[in-house]
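Notes follow once the structure below has been shown.
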Amino acid sequence: MKLRALVLSLGLLAGAVKAAPLPVKPFSWDNATIYFLLTDRFNNGNPANDHAYGRKSDGAPLRGYLGGDFAGVTAKIREGYFNELGVDAIWITPPVEQIHAGTDEGSGKSYAFHGYWARDFTAIDANLGSAADLHALVDSAHAKGIRVILDVVMNHTGPVTAQDPLWPAAWVRTGPACTYQDAASTIDCTLVKNLPDIRTDAVKAVPLPPALVVKWKREGRYAKEKGELDAFFKRTGYPRTPRYYLIKWHADWIRTYGFDGLRADTVKHVEAGVWKDLNKVAASAFEDWKRAHPKERIDDAAFYATAEVYNYSIANGRQFDLGGGTLVDYFDQGFDSMINFGMKTDAKQAYETLFASYSHALHGPLQGRSVLNYLSSHDDGEPFDAARTRAIDAGTRLLLAPGAAQIYYGDESARLLDVPAASGDAKLRSFMNWDELATNAPRGQGAASVGVADVRAHWAKLGRFRQDHLAVGAGVHQMLQASPYVFKRTYDEGGVRDRVVVALGLPASGPTAIAVHGVFSDGQIVRDAYTGTSAVVANGAVTFAVAAPVALISDSPH
């Protein structure tokens, strides 16, 4: 895997945010557990900002703002919620100012709570909080050893409404609609009706959209914004085309707040070269932030970028087919990883089939790159466990699969993904089920019922084990025993060596001997992170006194 991604997490404190120093711990984005949350749907830390810009509670079910904000995320960071799960990074939805009005795309009145309908790429949406609130979120995360990922949209602005004007034709196109037959009908088109497509293909210089000029002057920041743009274009030599305005604006968030990485939205709908330019400028902005904030950064890790290319699967390797004979290697455009849409289907396979095939891909065709696996997400209508009847198994498969792991908020608490009153992707975006967690509410029927807090406890054990051991996500996989199923993962790179053994499907009847031959030696004391017990290896196997369906075995002191 990428040597440049392997660093030692120094646990440096962030500014005024006080916390105990964190222990030195190896970190690699290839093994990262990334928690993806819709800021508006996670936790309400400040009810005073619930209805900014005159927005109302008149959206269709789960299509209006529900109150989540930066302050709410920060509160959970400081409580230790993410550390308890073993989370390495938090990916928040775009913080930029969204269209003010609601609009109907065919599923009822919808507001831009999700963050993907930008109105002004340079301003924070007031529904989410203030600049001070966003600084507090990132600084608090860094103080806890957690990185923060910025969600970036280069493809489109928000829909046009009576309050949210259309940008000039030199900036956006309003047709034709994408048909996805080839590169042109995927890129030079609009995703849906009334979602203006940004002319990232334009080569002629364009002035600022008049609506932005008026807005900035009203807010008293026109001179500042224009001056910074002038300096950027003079320094870089880039032409004043739409793509470079957006690249500058997105990089500003990184340079100002210290985002550690980015997730790029709708990547295949934008010319591939745009992403190379963005990732170059974004990485430079991160280095600027680190130099300016030596005491606030976690470590010296390079900037991270992951790409959302709809329908990309790990099986695609380094070539994605846009149709019409156009193959694109998005890793060559500066991305460290690709979001793996195939995981939700691949997870239906037997453990060994899933794990072995992913390890083979990551240490073969994808050597030096990685994937970000997920089982549910904000706009995927076919999650692995839509009914939340396999929440325990889902955690096992996601968090033990080779590659990086994306937890979609509420995966760990079996948050419902099918709210009857809602329609379309709104079903996937209910508010985080904190009340159910507090009462350990049951999920499922009869003997298959499990408390959501118990689900979270399972995910937390796996997540912390994964965080402690690079071998889990970044190591080489090998099965040791078919029944009960036992495998090993080994990692040896950049001066870091790690090895673990995992057993799944252990019988509940009592302690079981687990094969660890070739990994741990006879007489060696090893620890099971799932039960917190230790035992001595004998005859190539180990038996722990406390029975559990899972064993997470290492020789480390974690």
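The way I read the labels, and the way they are meant: chains A, B, ... in the order of the structure tokens, residue 1 as the first residue of every chain, and ligand 1 as the first ligand shown, with later ones counted on from there.
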Spatial neighbours of Arg55 of chain A, 10 Å, only C-alpha atoms, chain gap at least 6 places, as a CSV table (one decimal) with N, CA, C and O atoms, in the first residue's frame:
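See out.csv below for the written result:
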```
chain,number,residue,atom,x,y,z
A,64,GLY,N,-36.9,18.3,4.4
A,64,GLY,CA,-36.6,19.6,4.9
A,64,GLY,C,-35.5,19.5,5.9
A,64,GLY,O,-35.0,18.5,6.3
A,65,TYR,N,-35.1,20.7,6.4
A,65,TYR,CA,-34.0,20.8,7.4
A,65,TYR,C,-34.6,20.3,8.7
A,65,TYR,O,-35.7,20.6,9.1
A,100,HIS,N,-31.7,28.9,-1.0
A,100,HIS,CA,-32.5,29.3,0.2
A,100,HIS,C,-33.9,28.6,0.1
A,100,HIS,O,-34.4,28.3,1.2
A,101,ALA,N,-34.4,28.5,-1.1
A,101,ALA,CA,-35.8,28.1,-1.2
A,101,ALA,C,-35.9,26.6,-1.4
A,101,ALA,O,-34.9,25.9,-1.6
A,102,GLY,N,-37.1,26.0,-1.2
A,102,GLY,CA,-37.3,24.6,-1.5
A,102,GLY,C,-37.8,24.5,-3.0
A,102,GLY,O,-38.2,25.5,-3.6
A,111,TYR,N,-35.7,20.8,0.4
A,111,TYR,CA,-34.7,21.8,0.7
A,111,TYR,C,-33.3,21.2,0.6
A,111,TYR,O,-33.2,19.9,0.5
A,127,ASN,N,-27.7,27.4,8.3
A,127,ASN,CA,-28.4,26.4,9.0
A,127,ASN,C,-27.5,25.5,9.8
A,127,ASN,O,-27.9,24.8,10.8
```
Would you list the contacts of Phe232 of chain A as a ChimeraX atom specification, taking every protein, DNA or RNA residue within 12 Å and counting only C-alpha atoms, but skipping same-chain residues closer than 2 positions in sequence? /A:225-230,234-240,244-249,251-252,281,285
Handout entry: Long-range neighbours of segment 74-79 of chain A as a list in words, 9 Å cut-off, only C-alpha atoms, 6 positions minimum in chain
Key =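 That gives Asn43, Gly45, Asp133, Leu134, Ala136, Leu137, Val138, Ser140, Ala141, Lys144 and Ile146 of chain A.
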Residue selection dump (C-alpha atoms) as a tab-separated table (two decimals), in the first residue's frame:
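result_9.tsv written:
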```
chain	number	residue	atom	x	y	z
A	43	ASN	CA	-27.25	15.97	16.04
A	45	GLY	CA	-26.40	21.37	18.94
A	133	ASP	CA	-18.56	26.51	14.78
A	134	LEU	CA	-16.76	24.86	11.87
A	136	ALA	CA	-14.49	24.15	16.61
A	137	LEU	CA	-15.58	20.98	14.82
A	138	VAL	CA	-12.29	20.48	12.99
A	140	SER	CA	-12.04	19.25	18.33
A	141	ALA	CA	-11.68	16.33	15.92
A	144	LYS	CA	-9.12	13.60	19.47
A	146	ILE	CA	-9.69	12.30	14.17
```
When you draw a straight line from atom CA of Gly446 of chain A to atom CA of Ala391 of chain A, how long is it in Å?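 Interatomic distance here is 15.2 Å.
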### Task
Return as a PyMOL selection string the full set of residues in segment 76-226 of chain A whose backbone-based DSSP assignment is strand (DSSP E or B).
chain A and resi 89-92+96-98+103-104+109-110+118-124+147-152+156+172-173+177+190+197-198
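Closest approach to Asp528 of chain A among A:Pro549, A:Gly381, A:Gly68, A:Gly220: A:Pro549, based on only C-alpha atoms.
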Inset, instruction - Pick out each residue of segment 66-274 of chain A that DSSP on the backbone tags as helix (DSSP H, G or I); I need them as a ChimeraX atom specification. - result: /A:70-79,81-85,131-143,184-187,210-219,222-236,242-257,267-269,272-274
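The spacing separating atom CA of Leu552 of chain A from atom CA of Glu412 of chain A amounts to 18.4 Å.
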Between A:Asp182, A:Asp555, A:Asp454, A:Asp58, smallest distance to Asp498 of chain A by only C-alpha atoms belongs to A:Asp555
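Rounded to one decimal, atom CA of Thr241 of chain A and atom CA of Lys204 of chain A lie 6.1 Å from each other.
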Self-check item: Among listed residues A:Arg243, A:Phe335, A:Ala457, A:His142, nearest Pro294 of chain A (using only C-alpha atoms)
Solution: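 Using only C-alpha atoms, the shortest distance to Pro294 of chain A belongs to A:His142.
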Just the residues within 10 Å of Lys215 of chain A, please, counting only C-alpha atoms, with nothing from its chain fewer than 6 positions along; format it as a PDB file with N, CA and C atoms, in the first residue's frame.
```pdb
ATOM      1  N   ASP A 120     -23.600  29.548  -2.978  1.00  0.00           N
ATOM      2  CA  ASP A 120     -22.376  30.338  -2.853  1.00  0.00           C
ATOM      3  C   ASP A 120     -21.301  29.421  -2.274  1.00  0.00           C
ATOM      4  N   ARG A 221     -18.065  41.925   1.631  1.00  0.00           N
ATOM      5  CA  ARG A 221     -16.839  41.165   1.425  1.00  0.00           C
ATOM      6  C   ARG A 221     -16.420  41.064  -0.045  1.00  0.00           C
ATOM      7  N   TYR A 222     -16.984  41.883  -0.867  1.00  0.00           N
ATOM      8  CA  TYR A 222     -16.633  41.824  -2.291  1.00  0.00           C
ATOM      9  C   TYR A 222     -15.154  42.110  -2.521  1.00  0.00           C
TER      10      TYR A 222
END
```
Neighbours of Leu362 of chain A within 12 Å (only C-alpha atoms; same-chain residues fewer than 6 positions away dropped), as an MDAnalysis selection string? chainID A and resid 1:2 30:31 314:318 337:338 355:356 368:372 401:404 473:477
Would you mind exporting the chosen residues as an mmCIF file, in the first residue's frame, restricted to C-alpha atoms?
```
data_model
loop_
_atom_site.group_PDB
_atom_site.id
_atom_site.type_symbol
_atom_site.label_atom_id
_atom_site.label_comp_id
_atom_site.auth_asym_id
_atom_site.auth_seq_id
_atom_site.Cartn_x
_atom_site.Cartn_y
_atom_site.Cartn_z
ATOM 1 C CA MET A 1 0.000 0.000 0.000
ATOM 2 C CA LYS A 2 0.996 3.675 -0.256
ATOM 3 C CA ASP A 30 -5.672 2.377 3.399
ATOM 4 C CA ASN A 31 -6.916 1.060 6.750
ATOM 5 C CA ILE A 314 -13.170 -2.848 -6.947
ATOM 6 C CA ALA A 315 -13.449 -5.334 -9.818
ATOM 7 C CA ASN A 316 -12.947 -2.426 -12.248
ATOM 8 C CA GLY A 317 -9.407 -2.014 -10.982
ATOM 9 C CA ARG A 318 -7.800 1.075 -12.480
ATOM 10 C CA SER A 337 -8.953 5.757 -3.411
ATOM 11 C CA MET A 338 -12.275 5.130 -5.096
ATOM 12 C CA PHE A 355 -12.034 -11.162 1.891
ATOM 13 C CA ALA A 356 -9.690 -13.146 -0.381
ATOM 14 C CA GLY A 368 -0.416 1.293 -4.166
ATOM 15 C CA ARG A 369 -4.040 2.465 -4.226
ATOM 16 C CA SER A 370 -7.146 1.603 -2.217
ATOM 17 C CA VAL A 371 -10.938 1.537 -2.140
ATOM 18 C CA LEU A 372 -13.471 2.912 0.331
ATOM 19 C CA ALA A 401 -13.021 -6.409 4.702
ATOM 20 C CA PRO A 402 -9.665 -5.417 3.184
ATOM 21 C CA GLY A 403 -9.627 -1.740 2.203
ATOM 22 C CA ALA A 404 -10.859 1.374 3.967
ATOM 23 C CA GLY A 473 -7.600 -3.204 6.258
ATOM 24 C CA ALA A 474 -4.164 -2.796 4.683
ATOM 25 C CA GLY A 475 -2.627 -6.235 5.278
ATOM 26 C CA VAL A 476 -2.492 -9.411 3.215
ATOM 27 C CA HIS A 477 -5.300 -11.912 3.857
#
```
If you count only C-alpha atoms, the residue of A:Leu462, A:Met343, A:Val537, A:Ala513 closest to Ser483 of chain A turns out to be A:Ala513
Residues near Asp69 of chain A, anyone? I mean within 10 Å using only C-alpha atoms, not counting same-chain ones fewer than 2 positions away, as a JSON list (two decimals) with C-alpha atoms, in the first residue's frame.
```json
[["chain", "number", "residue", "atom", "x", "y", "z"],
["A", 38, "LEU", "CA", -25.26, 14.26, 6.84],
["A", 39, "THR", "CA", -24.62, 17.22, 9.12],
["A", 40, "ASP", "CA", -28.30, 18.22, 9.19],
["A", 41, "ARG", "CA", -29.36, 14.70, 10.20],
["A", 42, "PHE", "CA", -26.84, 13.86, 12.90],
["A", 43, "ASN", "CA", -27.25, 15.97, 16.04],
["A", 44, "ASN", "CA", -28.82, 19.35, 16.83],
["A", 45, "GLY", "CA", -26.40, 21.37, 18.94],
["A", 46, "ASN", "CA", -27.99, 24.78, 18.41],
["A", 47, "PRO", "CA", -31.76, 24.99, 17.74],
["A", 49, "ASN", "CA", -30.06, 28.09, 13.61],
["A", 50, "ASP", "CA", -32.69, 25.58, 12.50],
["A", 66, "LEU", "CA", -34.18, 18.84, 10.70],
["A", 67, "GLY", "CA", -31.73, 20.83, 12.81],
["A", 71, "ALA", "CA", -22.27, 22.25, 17.04],
["A", 72, "GLY", "CA", -24.08, 18.92, 17.26],
["A", 73, "VAL", "CA", -21.23, 17.05, 15.56],
["A", 74, "THR", "CA", -18.69, 18.79, 17.80],
["A", 95, "PRO", "CA", -20.71, 23.08, 4.34],
["A", 125, "ASP", "CA", -24.71, 27.68, 5.23],
["A", 126, "ALA", "CA", -26.21, 29.36, 8.28],
["A", 127, "ASN", "CA", -28.43, 26.37, 9.02],
["A", 128, "LEU", "CA", -25.25, 24.50, 9.94],
["A", 129, "GLY", "CA", -23.63, 27.22, 12.04],
["A", 130, "SER", "CA", -20.87, 29.78, 11.79],
["A", 133, "ASP", "CA", -18.56, 26.51, 14.78],
["A", 134, "LEU", "CA", -16.76, 24.86, 11.87]]
```
